[in-house]
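**Q** What follows is structure-v3.txt; its format and atoms are compact mmCIF, C-alpha atoms and all ligand atoms.
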# COMPACT_ATOMS: atom_id res chain seq x y z
CA MET A 261 98.58 -27.53 80.58
CA SER A 262 95.71 -28.40 82.91
CA LEU A 263 95.63 -31.85 84.52
CA GLN A 264 91.83 -31.81 84.62
CA LEU A 265 89.20 -33.66 82.63
CA ILE A 266 86.56 -31.42 81.08
CA ASN A 267 82.95 -32.59 80.57
CA GLY A 268 82.34 -33.68 76.99
CA GLU A 269 86.07 -34.16 76.31
CA LYS A 270 87.21 -37.13 74.18
CA LEU A 271 88.72 -39.91 76.27
CA VAL A 272 90.25 -43.14 75.03
CA ALA A 273 89.43 -46.11 77.25
CA ALA A 274 92.69 -48.04 76.86
CA THR A 275 91.34 -51.51 77.49
CA HIS A 276 90.67 -54.55 75.33
CA ASN A 277 88.58 -56.21 78.06
CA ALA A 278 84.86 -55.80 77.27
CA GLY A 279 83.78 -56.39 80.91
CA LYS A 280 86.07 -53.65 82.17
CA ALA A 281 85.10 -51.27 79.35
CA ARG A 282 81.41 -51.59 80.33
CA GLU A 283 82.18 -50.78 83.97
CA ILE A 284 84.47 -47.86 83.03
CA GLU A 285 81.75 -46.29 80.86
CA ALA A 286 79.16 -46.72 83.63
CA LEU A 287 81.51 -45.23 86.25
CA LEU A 288 82.29 -42.23 84.02
CA GLY A 289 78.54 -41.57 83.99
CA GLY A 290 78.27 -40.27 80.40
CA ARG A 291 80.48 -37.22 81.10
CA PHE A 292 82.91 -37.91 78.24
CA GLU A 293 82.97 -39.01 74.65
CA VAL A 294 84.52 -42.40 75.35
CA ILE A 295 86.37 -44.07 72.47
CA SER A 296 87.58 -47.64 72.93
CA ALA A 297 91.16 -48.67 72.16
CA GLY A 298 89.65 -51.50 70.11
CA SER A 299 87.67 -49.18 67.83
CA LEU A 300 90.90 -47.23 67.13
CA ASN A 301 92.72 -50.51 66.45
CA LEU A 302 95.36 -49.58 69.03
CA PRO A 303 97.73 -52.51 69.62
CA GLU A 304 97.88 -53.96 73.17
CA PRO A 305 101.23 -53.13 74.77
CA ASP A 306 103.17 -55.80 76.72
CA GLU A 307 102.56 -55.32 80.44
CA THR A 308 106.21 -55.31 81.49
CA GLU A 309 105.95 -53.45 84.81
CA VAL A 310 105.91 -55.22 88.19
CA SER A 311 102.96 -53.42 89.81
CA PHE A 312 99.32 -52.54 89.02
CA VAL A 313 100.26 -48.84 89.11
CA GLY A 314 103.20 -49.32 86.75
CA ASN A 315 101.18 -51.30 84.22
CA ALA A 316 98.24 -48.85 84.35
CA ILE A 317 100.57 -45.92 83.56
CA LEU A 318 102.28 -47.94 80.81
CA LYS A 319 98.92 -48.74 79.12
CA ALA A 320 97.55 -45.18 79.45
CA ARG A 321 100.76 -43.58 78.08
CA HIS A 322 100.88 -46.06 75.21
CA ALA A 323 97.28 -45.24 74.19
CA ALA A 324 97.71 -41.46 74.63
CA LYS A 325 100.82 -41.45 72.47
CA ALA A 326 99.27 -43.65 69.77
CA SER A 327 95.94 -41.77 69.64
CA GLY A 328 96.95 -38.19 70.47
CA THR A 329 94.03 -38.18 72.92
CA VAL A 330 93.80 -38.21 76.72
CA SER A 331 93.63 -41.88 77.71
CA LEU A 332 92.43 -43.84 80.72
CA ALA A 333 93.79 -47.30 81.54
CA ASP A 334 92.87 -49.79 84.25
CA ASP A 335 95.23 -52.44 85.55
CA SER A 336 93.59 -54.71 88.03
CA GLY A 337 93.61 -58.17 89.52
CA LEU A 338 92.87 -60.55 92.34
CA SER A 339 95.44 -61.15 95.10
CA ILE A 340 94.97 -64.20 97.34
CA ASP A 341 96.69 -64.36 100.74
CA ALA A 342 97.13 -68.16 100.79
CA LEU A 343 98.78 -68.02 97.35
CA ASN A 344 101.26 -65.31 98.40
CA GLY A 345 99.35 -62.65 96.48
CA ASP A 346 98.88 -64.64 93.25
CA PRO A 347 97.55 -64.27 90.62
CA GLY A 348 97.95 -60.49 91.31
CA ILE A 349 99.33 -58.61 88.31
CA PHE A 350 99.20 -61.91 86.38
CA SER A 351 95.40 -62.25 86.79
CA ALA A 352 94.67 -61.97 83.06
CA ARG A 353 97.58 -64.25 82.16
CA TRP A 354 96.34 -67.09 84.44
CA ALA A 355 93.36 -67.40 82.08
CA GLY A 356 95.69 -68.21 79.16
CA PRO A 357 95.53 -67.06 75.54
CA TYR A 358 91.84 -68.03 75.23
CA LYS A 359 90.91 -66.04 78.36
CA ASP A 360 89.39 -69.11 79.99
CA PHE A 361 88.40 -67.80 83.43
CA ASP A 362 86.51 -70.99 84.36
CA ARG A 363 89.84 -72.79 84.10
CA ALA A 364 91.69 -70.00 85.96
CA MET A 365 89.14 -70.24 88.83
CA GLU A 366 89.56 -74.03 88.88
CA ILE A 367 93.35 -73.63 89.14
CA ILE A 368 92.89 -71.21 92.04
CA HIS A 369 90.71 -73.72 93.90
CA LEU A 370 93.19 -76.56 93.25
CA LYS A 371 96.02 -74.42 94.61
CA LEU A 372 93.92 -73.39 97.62
CA ASP A 373 93.10 -77.05 98.38
CA GLN A 374 96.82 -77.79 98.24
CA ALA A 375 97.70 -74.84 100.51
CA LYS A 376 95.00 -75.93 103.00
CA ALA A 377 96.24 -79.55 103.02
CA GLU A 378 99.84 -78.42 103.59
CA ASN A 379 99.07 -76.02 106.40
CA PRO A 380 95.49 -76.33 107.69
CA ASP A 381 96.00 -74.16 110.79
CA ALA A 382 97.37 -71.17 108.89
CA PHE A 383 94.93 -71.41 105.96
CA THR A 384 92.79 -68.39 105.12
CA PRO A 385 90.49 -67.73 102.15
CA ARG A 386 91.21 -63.94 102.35
CA ALA A 387 91.72 -62.06 99.09
CA TYR A 388 91.39 -58.60 97.61
CA PHE A 389 90.85 -56.97 94.24
CA THR A 390 93.02 -54.01 93.25
CA CYS A 391 92.31 -51.48 90.52
CA ALA A 392 94.92 -48.95 89.42
CA LEU A 393 93.47 -46.29 87.13
CA ALA A 394 95.87 -44.13 85.15
CA VAL A 395 95.10 -41.08 83.04
CA ALA A 396 97.77 -40.00 80.55
CA TRP A 397 97.96 -36.96 78.31
CA PRO A 398 99.58 -37.12 74.85
CA GLU A 399 102.35 -34.78 76.12
CA GLY A 400 103.43 -37.53 78.56
CA HIS A 401 101.98 -36.44 81.94
CA ALA A 402 100.23 -39.20 83.85
CA VAL A 403 98.38 -39.55 87.15
CA VAL A 404 97.27 -42.74 88.84
CA PHE A 405 94.78 -43.75 91.56
CA GLU A 406 94.36 -47.11 93.31
CA GLY A 407 91.32 -48.77 94.89
CA ARG A 408 91.08 -52.06 96.81
CA ILE A 409 88.23 -54.21 98.07
CA TYR A 410 88.71 -57.03 100.56
CA GLY A 411 86.79 -60.28 100.80
CA GLN A 412 87.17 -64.03 100.49
CA ILE A 413 87.45 -66.72 97.87
CA VAL A 414 84.42 -69.04 97.60
CA LYS A 415 83.23 -71.71 95.15
CA PRO A 416 81.99 -70.07 91.91
CA ARG A 417 78.47 -68.58 92.16
CA GLY A 418 76.60 -66.27 89.80
CA ASP A 419 76.77 -65.43 86.11
CA LYS A 420 77.01 -61.63 86.05
CA GLY A 421 80.17 -59.54 85.77
CA PHE A 422 83.38 -60.92 84.28
CA GLY A 423 86.72 -62.53 85.08
CA TYR A 424 87.01 -63.75 88.69
CA ASP A 425 83.69 -62.26 89.88
CA PRO A 426 82.06 -65.68 90.60
CA ILE A 427 84.66 -66.63 93.27
CA PHE A 428 84.93 -63.26 95.07
CA GLN A 429 82.61 -62.50 97.99
CA PRO A 430 83.26 -59.00 99.36
CA ASP A 431 83.34 -58.45 103.14
CA GLY A 432 79.89 -57.67 104.56
CA TYR A 433 78.01 -59.55 101.79
CA ASP A 434 76.77 -63.12 101.44
CA ILE A 435 76.76 -62.97 97.64
CA THR A 436 79.62 -62.88 95.13
CA PHE A 437 80.36 -60.05 92.69
CA ALA A 438 78.85 -62.28 89.97
CA GLU A 439 75.56 -62.49 91.91
CA MET A 440 75.27 -58.69 92.23
CA THR A 441 73.58 -56.42 89.72
CA PRO A 442 76.10 -54.30 87.75
CA ASP A 443 74.96 -51.20 89.69
CA ALA A 444 75.47 -52.92 93.06
CA LYS A 445 78.99 -54.03 92.11
CA ASP A 446 79.82 -50.56 90.71
CA ALA A 447 78.73 -48.99 94.03
CA ILE A 448 81.43 -50.79 96.08
CA SER A 449 84.08 -52.28 93.80
CA HIS A 450 87.84 -51.65 93.67
CA ARG A 451 87.15 -49.87 90.35
CA HIS A 452 84.55 -47.63 92.04
CA LEU A 453 87.06 -46.76 94.81
CA ALA A 454 89.75 -45.82 92.27
CA PHE A 455 87.23 -43.76 90.28
CA ALA A 456 86.10 -41.93 93.42
CA GLN A 457 89.67 -40.64 93.87
CA LEU A 458 90.03 -39.85 90.17
CA LYS A 459 86.82 -37.80 90.27
CA THR A 460 88.00 -35.85 93.35
CA HIS A 461 91.31 -34.96 91.70
CA LEU A 462 90.51 -34.54 88.01
CA PHE A 463 86.86 -33.45 87.65
P1 LIG A 501 93.35 -54.64 79.42
O1 LIG A 501 94.80 -54.75 79.87
O2 LIG A 501 93.20 -54.53 77.94
O3 LIG A 501 92.59 -53.60 80.17
P2 LIG A 501 93.10 -57.23 80.70
O4 LIG A 501 91.95 -58.15 80.90
O5 LIG A 501 94.39 -57.81 80.17
O6 LIG A 501 92.60 -56.04 79.79
P3 LIG A 501 94.49 -56.64 83.18
O7 LIG A 501 95.83 -56.89 82.62
O8 LIG A 501 94.30 -55.47 84.10
O9 LIG A 501 93.39 -56.47 82.06
O10 LIG A 501 94.01 -57.97 83.90
C1 LIG A 501 93.19 -57.95 84.99
C2 LIG A 501 92.42 -59.25 85.10
O11 LIG A 501 91.93 -59.32 86.44
C3 LIG A 501 91.21 -59.22 84.18
O12 LIG A 501 91.44 -59.95 83.00
C4 LIG A 501 90.11 -59.84 85.03
O13 LIG A 501 89.98 -61.17 84.78
C5 LIG A 501 90.59 -59.66 86.45
N1 LIG A 501 89.75 -58.60 87.04
C6 LIG A 501 90.03 -57.28 87.15
N2 LIG A 501 88.99 -56.61 87.66
C7 LIG A 501 88.02 -57.53 87.85
C8 LIG A 501 86.71 -57.46 88.30
O14 LIG A 501 86.13 -56.31 88.64
N3 LIG A 501 86.01 -58.59 88.37
C9 LIG A 501 86.55 -59.77 88.00
N4 LIG A 501 87.77 -59.93 87.54
C10 LIG A 501 88.51 -58.80 87.45
Turn the structure described in the file into structure tokens.

**A**
Amino acid sequence: MSLQLINGEKLVAATHNAGKAREIEALLGGRFEVISAGSLNLPEPDETEVSFVGNAILKARHAAKASGTVSLADDSGLSIDALNGDPGIFSARWAGPYKDFDRAMEIIHLKLDQAKAENPDAFTPRAYFTCALAVAWPEGHAVVFEGRIYGQIVKPRGDKGFGYDPIFQPDGYDITFAEMTPDAKDAISHRHLAFAQLKTHLF
């Protein structure tokens, strides 16, 4: 069995997050017949692993087994130094059942204010996004690639993108992910960096 992805092949995008699905399709550049997990009515598995890599493999294997088709999953999140790496793998869960990211960003700023008040000298707004991308074949093989982008947490700005984009300003830029065009974000993001490795190894 070849661990390669062939142009035109069917690929299940094992995500129920519309923002991610858009970026995954754009980053795949029309090379595959992408089918969403949602359109196949695949149930969302519980993310029981303790790392981005573990949860990406779990989601890709779950979708590949359920669909009988090669599947690609993304597990990602925002890790903030002053919050000891939180929300990290719990990034989606901090937004609650209604996926309220305005509230999640408010909570982050409240916690940062608290951390700054407790220890002003050691405070830093440093943070990074991680994306683990896993590809799984129905037979059970899986491969995974990880990308990271570093930057800082700022007050929310911009209305593009999704999730925590309004509070993340990547290093070397004076705008947030949510102020960038989709193409500009896709050219530098953690997801782009994971895809670059995936393309080197599987295309
Ligand atoms: P799936 O598991 O169905 O893919 P999800 O939203 O639950 O969807 P994750 O468990 O990987 O996905 O959660 C990652 C969260 O981190 C996601 O909900 C976003 O809010 C956030 N996140 C990941 N990548 C991001 C990005 O590029 N910009 C902003 N927020 C991002």

**Q** Excluding same-chain residues fewer than 6 positions from Val330 in chain A, what lies within 10 Å of it counting all atoms listed in the file, as a count of residues only?

**A** 19

**Q** Grab the CA of Asp425 in chain A to CA of Glu304 in chain A distance for me, in Å with one decimal place.

**A**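 Answer for the CA of Asp425 in chain A to CA of Glu304 in chain A separation: 23.4 Å.
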
**Q** Would you list the residues that come within 7 Å of ligand LIG 501 (chain A)? Count all atoms listed in the file and give the answer as a PyMOL selection string.

**A** chain A and resi 274-277+280+304+333-338+349-352+361+389+391+421-425+449+451

**Q** Go through A:Ala387, A:Lys376, A:Ala278, A:Ile427 one by one, measure the shortest atom-to-atom distance of each to Ser299 in chain A using only C-alpha atoms, and give the residue with the smallest value.

**A** A:Ala278

**Q** To test the calculation: enclose all listed atoms of range 434-441 of chain A in a box whose edges run along x, y and z, add 6 Å on each side, then state centre and edge lengths in Å to one decimal, as lines of an AutoDock Vina configuration file.

**A**
center_x = 77.0
center_y = -59.8
center_z = 95.6
size_x = 18.8
size_y = 18.7
size_z = 23.7

**Q** List as number ranges by chain: which residues have an atom within 8 Å of (95.5, -62.6, 101.6), counting all atoms listed in the file?

**A** A: 339-345, 384-388

**Q** Determine the nearest neighbour of Ala392 in chain A from the options A:Arg282, A:His461, A:Arg363, A:His450, counting all atoms listed in the file.

**A** A:His450

**Q** For each of A:Ile317, A:Gly432, A:Ala456, A:Pro305, take the minimum atom-to-atom distance to Val403 in chain A, counting all atoms listed in the file, then give the residue where this is smallest.

**A**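 Looking only at the distances to Val403 in chain A, the closest residue turns out to be A:Ile317.
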
**Q** Contacts of Glu307 in chain A at 9 Å or less, counting only C-alpha atoms, minus same-chain residues fewer than 5 places along, as a VMD selection string?

**A** chain A and resid 314 to 316 318 to 319

**Q** Here is a test: counting all atoms listed in the file, which residue of A:Lys415, A:Asp360, A:Phe463, A:Asp306 is nearest to Phe292 in chain A?

**A**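 Counting all atoms listed in the file, the residue closest to Phe292 in chain A is A:Phe463.
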
**Q** Hey, what's within 12 Å of Ala444 in chain A if we count only C-alpha atoms and toss same-chain stuff fewer than 4 positions away? As a PDB file with C-alpha atoms, in the coordinates of the input, please?

**A**
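Done, and the output landed in out_2.pdb:
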ATOM      1  CA  GLU A 283      82.180 -50.780  83.970  1.00  0.00           C
ATOM      2  CA  ALA A 286      79.160 -46.720  83.630  1.00  0.00           C
ATOM      3  CA  LEU A 287      81.510 -45.230  86.250  1.00  0.00           C
ATOM      4  CA  LYS A 420      77.010 -61.630  86.050  1.00  0.00           C
ATOM      5  CA  GLY A 421      80.170 -59.540  85.770  1.00  0.00           C
ATOM      6  CA  PRO A 430      83.260 -59.000  99.360  1.00  0.00           C
ATOM      7  CA  TYR A 433      78.010 -59.550 101.790  1.00  0.00           C
ATOM      8  CA  ILE A 435      76.760 -62.970  97.640  1.00  0.00           C
ATOM      9  CA  THR A 436      79.620 -62.880  95.130  1.00  0.00           C
ATOM     10  CA  PHE A 437      80.360 -60.050  92.690  1.00  0.00           C
ATOM     11  CA  ALA A 438      78.850 -62.280  89.970  1.00  0.00           C
ATOM     12  CA  GLU A 439      75.560 -62.490  91.910  1.00  0.00           C
ATOM     13  CA  MET A 440      75.270 -58.690  92.230  1.00  0.00           C
ATOM     14  CA  ILE A 448      81.430 -50.790  96.080  1.00  0.00           C
ATOM     15  CA  SER A 449      84.080 -52.280  93.800  1.00  0.00           C
ATOM     16  CA  HIS A 452      84.550 -47.630  92.040  1.00  0.00           C
TER      17      HIS A 452
END

**Q** So what do you get for CA of Ala355 in chain A versus CA of Gly298 in chain A, distance-wise?

**A**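 Separation between CA of Ala355 in chain A and CA of Gly298 in chain A: 20.2 Å.
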
**Q** Have a look at CA of Ile266 in chain A and CA of Arg291 in chain A and let me know their distance in Å, one decimal.

**A**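 Computing it gives 8.4 Å between the two atoms.
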
**Q** Looking at all atoms listed in the file, which of A:Leu300, A:Leu393, A:Val310, A:Ile413 is the one that sits closest to Gly328 in chain A?

**A**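 Using all atoms listed in the file, the shortest distance to Gly328 in chain A belongs to A:Leu300.
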
**Q** Given the choices A:Ala377, A:Ala364, A:Leu458, A:Val404, which gets closest to Val313 in chain A if the distance is worked out from all atoms listed in the file?

**A** A:Val404
